[in-house]
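Chemist: Here's a structure for you.
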Amino acid sequence: MTRTVVRVAEVRQEAAGIRSLRLVRDDGAPLGPYEAGAHVDVVGPTGLVRQYSLCSPPHEASSLLIAVKKEAASRGGSEALHTVGAGDTLEIGEPRNLLRVADGARHVLVAGGVGVTPLLSLAYELDRRGAEFELHYFARAREQAAFAGLLEREFGDRVHLRFGVPRAEQPTILKEVAAGLTSDAQVYTCGPEGFMAQVGAVFAPVVGESRVHVEHFVAAEVDTSGDRPFTVELDTGEVFEVPADKSILAVLGENGIEVFKSCEEGICGSCVSGVLEGVPEHRDSCLSAADKAAGDQMALCVSRARTARLKIELY
């Protein structure tokens, strides 16, 4: 994996428990532009690799901006990044994208908490294109809403701040938004899992499941008690047996087959590869519903096989 050493040029407190880091290169070389919706791997002070959405304007090349929420149950990643200051160095990977701007007559962005970060870059891009869009931002209170003031300044009345709305009452607001949409609209959402499930439940019947685009921050919980072994064949002809207690990614690694990887939890999409034969059992949180239905790619770190054999192509 190619990594770039960057310097923290600026640290800002964006909301309670959320700080932004502006990253630059010491040699002045550009870090952008990047594709709206992208995220990067960040190697923190403890050596842990975590993924963070890019939230600076995608067309600005001089720097990149990430926002980090200090999680109460942090395993060292977000907590460590809350100790860095201006002048410190980090390493980042190349931007990768799972949440792109799709073709549509109208675009609705629905954020929950720190889930606003990937949607901010989409808003910048849609604004640059002159596209019709609106952003609905749910948070417990204004002081917990990162970039709230920036959103108001940049996008004006296209931003709707929804503070203190209980989870049970959010569908009522979302249904009012959905009522004004037609089937050619696109919906994008990021936030807590339960929040995104509500967004999907409201908008999918209106615009179609394939037009509701989701960005996950945490891995899906999967029952592995019924896992069975299967065979995986590479397009090079090499064949490997995948036991019930190991992933395709792990088996390939044990046999000296290098696969680009990062989170190993089915979130980042770095190990997604092509499926040439067989039927995958998708367990990731990175591929879209349409991608999963097509069955021609899979995340090797978590997904398995519904058929006795899979033939795959490494990207």
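Here's how to read the names in the structure tokens: chain A, B, ... by the order shown, residue numbers from 1 in each chain, ligand numbers from 1 in the order shown.
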Give me, as a Markdown table, each residue of segment 186-286 of chain A that comes within 10 Å of segment 36-50 of chain A, together with its shortest interatomic pair and the distance in Å at one decimal, counting only C-alpha atoms, with rows ordered by chain and rising residue number.
Modeler:
| residue | atom | partner | partner_atom | distance |
| --- | --- | --- | --- | --- |
| A:Glu215 | CA | A:Gly37 | CA | 8.9 |
| A:Ser262 | CA | A:Val49 | CA | 7.3 |
| A:Cys263 | CA | A:Arg50 | CA | 7.0 |
| A:Cys268 | CA | A:His39 | CA | 8.3 |
| A:Ser270 | CA | A:Asp41 | CA | 10.0 |
Chemist: Which polymer residues have any atom within 8 Å of an atom of Leu314 of chain A, counting only C-alpha atoms, with same-chain residues fewer than 2 positions away left out, as a short mmCIF file (atom, residue, chain, number, x, y, z; two decimals) with N, CA, C and O atoms, in the first residue's frame?
Modeler:
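Once everything was written out, this is selection04.cif:
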data_model
loop_
_atom_site.label_atom_id
_atom_site.label_comp_id
_atom_site.auth_asym_id
_atom_site.auth_seq_id
_atom_site.Cartn_x
_atom_site.Cartn_y
_atom_site.Cartn_z
N LEU A 234 -8.16 -18.82 -8.01
CA LEU A 234 -7.78 -17.55 -8.61
C LEU A 234 -7.82 -17.68 -10.12
O LEU A 234 -7.74 -18.78 -10.67
N VAL A 259 -2.69 -9.25 -1.21
CA VAL A 259 -3.95 -8.56 -1.54
C VAL A 259 -3.95 -7.23 -0.81
O VAL A 259 -3.62 -7.17 0.38
N SER A 273 -12.62 -7.66 -4.63
CA SER A 273 -12.09 -8.31 -5.83
C SER A 273 -13.24 -8.85 -6.67
O SER A 273 -14.38 -8.93 -6.21
N GLY A 274 -12.92 -9.23 -7.90
CA GLY A 274 -13.94 -9.69 -8.82
C GLY A 274 -14.33 -11.14 -8.60
O GLY A 274 -13.51 -11.96 -8.19
N ILE A 312 -12.21 -16.26 -8.42
CA ILE A 312 -12.11 -14.83 -8.21
C ILE A 312 -10.95 -14.22 -8.99
O ILE A 312 -10.02 -14.94 -9.39
#
Chemist: Near segment 249-258 of chain A, counting only C-alpha atoms, which residues have an atom at most 9 Å away, once you skip same-chain residues fewer than 4 positions from it, shown as a ChimeraX atom specification?
Modeler: /A:240-243,264,271,299-302
Chemist: Go ahead and write the residues just picked, C-alpha atoms, as a PDB file, in the first residue's frame.
Modeler:
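Written output follows (selection-v2.pdb):
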ATOM      1  CA  PHE A 240      -7.051 -22.949  -2.109  1.00  0.00           C
ATOM      2  CA  GLU A 241      -9.304 -24.466   0.528  1.00  0.00           C
ATOM      3  CA  VAL A 242     -10.951 -21.915   2.829  1.00  0.00           C
ATOM      4  CA  PRO A 243     -11.851 -23.491   6.199  1.00  0.00           C
ATOM      5  CA  GLU A 264     -10.175  -6.225   7.405  1.00  0.00           C
ATOM      6  CA  CYS A 271      -9.779  -5.898  -0.590  1.00  0.00           C
ATOM      7  CA  ALA A 299     -14.902  -8.203  -0.003  1.00  0.00           C
ATOM      8  CA  LEU A 300     -12.392 -10.969   0.671  1.00  0.00           C
ATOM      9  CA  CYS A 301     -11.912 -10.095   4.335  1.00  0.00           C
ATOM     10  CA  VAL A 302     -15.411 -11.002   5.543  1.00  0.00           C
TER      11      VAL A 302
END
Chemist: Here is a test: counting only C-alpha atoms, which residue of A:His82, A:Arg142, A:Arg96, A:Arg7 is nearest to Asp26 of chain A?
Modeler: A:Arg7
Chemist: Name the residues of segment 89-310 of chain A that fall into alpha helix (DSSP H) according to DSSP on the backbone, using the chain letters and numbers of this document, as number ranges by chain.
Modeler: A: 116-129, 148-155, 170-178, 193-207, 248-254, 289-294
Chemist: Leaving out segment 157-172 of chain A and any residue of its chain fewer than 2 positions from it, which residues lie within 8 Å of it when counting only C-alpha atoms, given as a list in words?
Modeler: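 My list of contacting residues is Phe133, Glu134, Leu135, His136, Tyr137, Phe138, Ala139, Arg140, Ala141, Arg142, Ala148, Leu151, Glu152, Phe155, Leu174, Lys175, Glu176, Phe195, Gln198, Val199 and Val202 of chain A.
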Chemist: Which polymer residues have any atom within 8 Å of an atom of Lys69 of chain A, counting only C-alpha atoms, with same-chain residues fewer than 3 positions away left out, as a ChimeraX atom specification?
Modeler: /A:17-19,78,114
Chemist: Could those selected residues go to a file with N, CA, C and O atoms, as a PDB file, in the first residue's frame?
Modeler:
ATOM      1  N   GLY A  17     -16.026  16.862  21.202  1.00  0.00           N
ATOM      2  CA  GLY A  17     -15.422  15.562  20.938  1.00  0.00           C
ATOM      3  C   GLY A  17     -15.010  15.324  19.507  1.00  0.00           C
ATOM      4  O   GLY A  17     -14.584  14.228  19.164  1.00  0.00           O
ATOM      5  N   ILE A  18     -15.148  16.332  18.636  1.00  0.00           N
ATOM      6  CA  ILE A  18     -14.795  16.178  17.220  1.00  0.00           C
ATOM      7  C   ILE A  18     -13.803  17.265  16.830  1.00  0.00           C
ATOM      8  O   ILE A  18     -14.087  18.455  16.996  1.00  0.00           O
ATOM      9  N   ARG A  19     -12.657  16.872  16.325  1.00  0.00           N
ATOM     10  CA  ARG A  19     -11.656  17.832  15.863  1.00  0.00           C
ATOM     11  C   ARG A  19     -11.308  17.536  14.412  1.00  0.00           C
ATOM     12  O   ARG A  19     -11.392  16.402  13.949  1.00  0.00           O
ATOM     13  N   SER A  78      -8.924   6.718  17.386  1.00  0.00           N
ATOM     14  CA  SER A  78      -9.423   8.090  17.494  1.00  0.00           C
ATOM     15  C   SER A  78      -8.818   8.803  18.695  1.00  0.00           C
ATOM     16  O   SER A  78      -8.534  10.007  18.645  1.00  0.00           O
ATOM     17  N   VAL A 114     -21.525  12.630  13.373  1.00  0.00           N
ATOM     18  CA  VAL A 114     -20.262  12.779  12.644  1.00  0.00           C
ATOM     19  C   VAL A 114     -20.353  12.185  11.240  1.00  0.00           C
ATOM     20  O   VAL A 114     -19.449  12.382  10.417  1.00  0.00           O
TER      21      VAL A 114
END
Chemist: For the atom pair atom CA of Ser20 of chain A and atom CA of Phe147 of chain A, what is the interatomic distance in Å to one decimal place?
Modeler: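 Going from atom CA of Ser20 of chain A over to atom CA of Phe147 of chain A covers 9.6 Å.
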Chemist: Would you mind listing what lies within 8 Å of Asp284 of chain A as a PDB file with N, CA, C and O atoms, in the first residue's frame, with only C-alpha atoms counted and same-chain residues fewer than 2 positions away left out?
Modeler:
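What landed in around-v4.pdb:
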ATOM      1  N   ALA A 219     -18.371  -2.153  11.320  1.00  0.00           N
ATOM      2  CA  ALA A 219     -18.629  -3.420  10.663  1.00  0.00           C
ATOM      3  C   ALA A 219     -19.976  -3.993  11.089  1.00  0.00           C
ATOM      4  O   ALA A 219     -20.426  -3.813  12.222  1.00  0.00           O
ATOM      5  N   ALA A 220     -20.604  -4.689  10.156  1.00  0.00           N
ATOM      6  CA  ALA A 220     -21.870  -5.356  10.467  1.00  0.00           C
ATOM      7  C   ALA A 220     -21.618  -6.584  11.331  1.00  0.00           C
ATOM      8  O   ALA A 220     -20.600  -7.272  11.178  1.00  0.00           O
ATOM      9  N   GLU A 265     -12.422  -5.536   8.040  1.00  0.00           N
ATOM     10  CA  GLU A 265     -13.731  -5.656   8.686  1.00  0.00           C
ATOM     11  C   GLU A 265     -14.876  -5.475   7.703  1.00  0.00           C
ATOM     12  O   GLU A 265     -16.027  -5.429   8.103  1.00  0.00           O
ATOM     13  N   GLY A 266     -14.554  -5.337   6.416  1.00  0.00           N
ATOM     14  CA  GLY A 266     -15.608  -5.165   5.427  1.00  0.00           C
ATOM     15  C   GLY A 266     -16.153  -3.769   5.323  1.00  0.00           C
ATOM     16  O   GLY A 266     -17.257  -3.571   4.813  1.00  0.00           O
ATOM     17  N   ILE A 267     -15.385  -2.763   5.774  1.00  0.00           N
ATOM     18  CA  ILE A 267     -15.848  -1.381   5.747  1.00  0.00           C
ATOM     19  C   ILE A 267     -15.181  -0.584   4.640  1.00  0.00           C
ATOM     20  O   ILE A 267     -15.830   0.157   3.904  1.00  0.00           O
ATOM     21  N   HIS A 282     -22.405 -12.151   0.715  1.00  0.00           N
ATOM     22  CA  HIS A 282     -21.901 -10.837   1.100  1.00  0.00           C
ATOM     23  C   HIS A 282     -22.124 -10.567   2.583  1.00  0.00           C
ATOM     24  O   HIS A 282     -23.231 -10.703   3.090  1.00  0.00           O
ATOM     25  N   CYS A 286     -19.468  -2.303   2.669  1.00  0.00           N
ATOM     26  CA  CYS A 286     -18.900  -1.336   1.728  1.00  0.00           C
ATOM     27  C   CYS A 286     -19.555  -1.378   0.349  1.00  0.00           C
ATOM     28  O   CYS A 286     -19.705  -0.332  -0.287  1.00  0.00           O
ATOM     29  N   LEU A 287     -19.943  -2.542  -0.134  1.00  0.00           N
ATOM     30  CA  LEU A 287     -20.571  -2.624  -1.446  1.00  0.00           C
ATOM     31  C   LEU A 287     -22.027  -2.164  -1.370  1.00  0.00           C
ATOM     32  O   LEU A 287     -22.707  -2.368  -0.360  1.00  0.00           O
ATOM     33  N   ALA A 299     -15.955  -8.579  -0.939  1.00  0.00           N
ATOM     34  CA  ALA A 299     -14.902  -8.203  -0.003  1.00  0.00           C
ATOM     35  C   ALA A 299     -14.296  -9.474   0.574  1.00  0.00           C
ATOM     36  O   ALA A 299     -14.976 -10.240   1.272  1.00  0.00           O
ATOM     37  N   VAL A 302     -14.289 -10.540   4.724  1.00  0.00           N
ATOM     38  CA  VAL A 302     -15.411 -11.002   5.543  1.00  0.00           C
ATOM     39  C   VAL A 302     -16.406 -11.888   4.791  1.00  0.00           C
ATOM     40  O   VAL A 302     -17.060 -12.733   5.400  1.00  0.00           O
ATOM     41  N   SER A 303     -16.540 -11.695   3.493  1.00  0.00           N
ATOM     42  CA  SER A 303     -17.574 -12.420   2.752  1.00  0.00           C
ATOM     43  C   SER A 303     -17.138 -13.838   2.437  1.00  0.00           C
ATOM     44  O   SER A 303     -15.947 -14.144   2.340  1.00  0.00           O
TER      45      SER A 303
END
Chemist: How close does each residue of segment 151-198 of chain A get to segment 115-131 of chain A, giving the shortest atom pair and distance in Å to one decimal for every residue with an atom at most 8 Å away, counting only C-alpha atoms, sorted by chain and residue number, as a Markdown table?
Modeler:
| residue | atom | partner | partner_atom | distance |
| --- | --- | --- | --- | --- |
| A:Leu151 | CA | A:Leu120 | CA | 7.9 |
| A:Phe155 | CA | A:Asp127 | CA | 7.8 |
| A:Tyr188 | CA | A:Leu119 | CA | 7.5 |
| A:Thr189 | CA | A:Leu119 | CA | 7.4 |
| A:Cys190 | CA | A:Gly115 | CA | 4.6 |
| A:Gly191 | CA | A:Gly115 | CA | 4.1 |
| A:Pro192 | CA | A:Gly115 | CA | 7.5 |
Chemist: Could the residues in this selection be saved with N, CA, C and O atoms as a compact mmCIF listing (two decimals), in the first residue's frame?
Modeler:
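Below you can see again.txt, which holds the result:
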# COMPACT_ATOMS: atom_id res chain seq x y z
N LEU A 151 -21.51 24.74 7.01
CA LEU A 151 -22.57 24.31 6.10
C LEU A 151 -23.54 25.45 5.82
O LEU A 151 -23.94 25.67 4.66
N PHE A 155 -23.69 26.75 1.98
CA PHE A 155 -24.81 26.23 1.20
C PHE A 155 -26.16 26.83 1.56
O PHE A 155 -27.19 26.46 0.97
N TYR A 188 -28.26 9.98 -0.21
CA TYR A 188 -26.99 9.58 0.37
C TYR A 188 -27.09 9.74 1.88
O TYR A 188 -27.59 10.76 2.37
N THR A 189 -26.60 8.76 2.64
CA THR A 189 -26.71 8.86 4.09
C THR A 189 -25.50 8.28 4.78
O THR A 189 -24.86 7.34 4.29
N CYS A 190 -25.17 8.86 5.92
CA CYS A 190 -24.12 8.34 6.78
C CYS A 190 -24.43 8.75 8.21
O CYS A 190 -24.91 9.86 8.46
N GLY A 191 -24.17 7.84 9.15
CA GLY A 191 -24.45 8.09 10.55
C GLY A 191 -24.52 6.77 11.30
O GLY A 191 -24.09 5.73 10.79
N PRO A 192 -25.08 6.75 12.49
CA PRO A 192 -25.24 5.50 13.23
C PRO A 192 -26.05 4.48 12.43
O PRO A 192 -26.91 4.86 11.61
Chemist: Write out as a PyMOL selection string the set of residues from segment 124-168 of chain A that DSSP, computed on the backbone, places in strand (DSSP E or B).
Modeler: chain A and resi 133-139+159-163
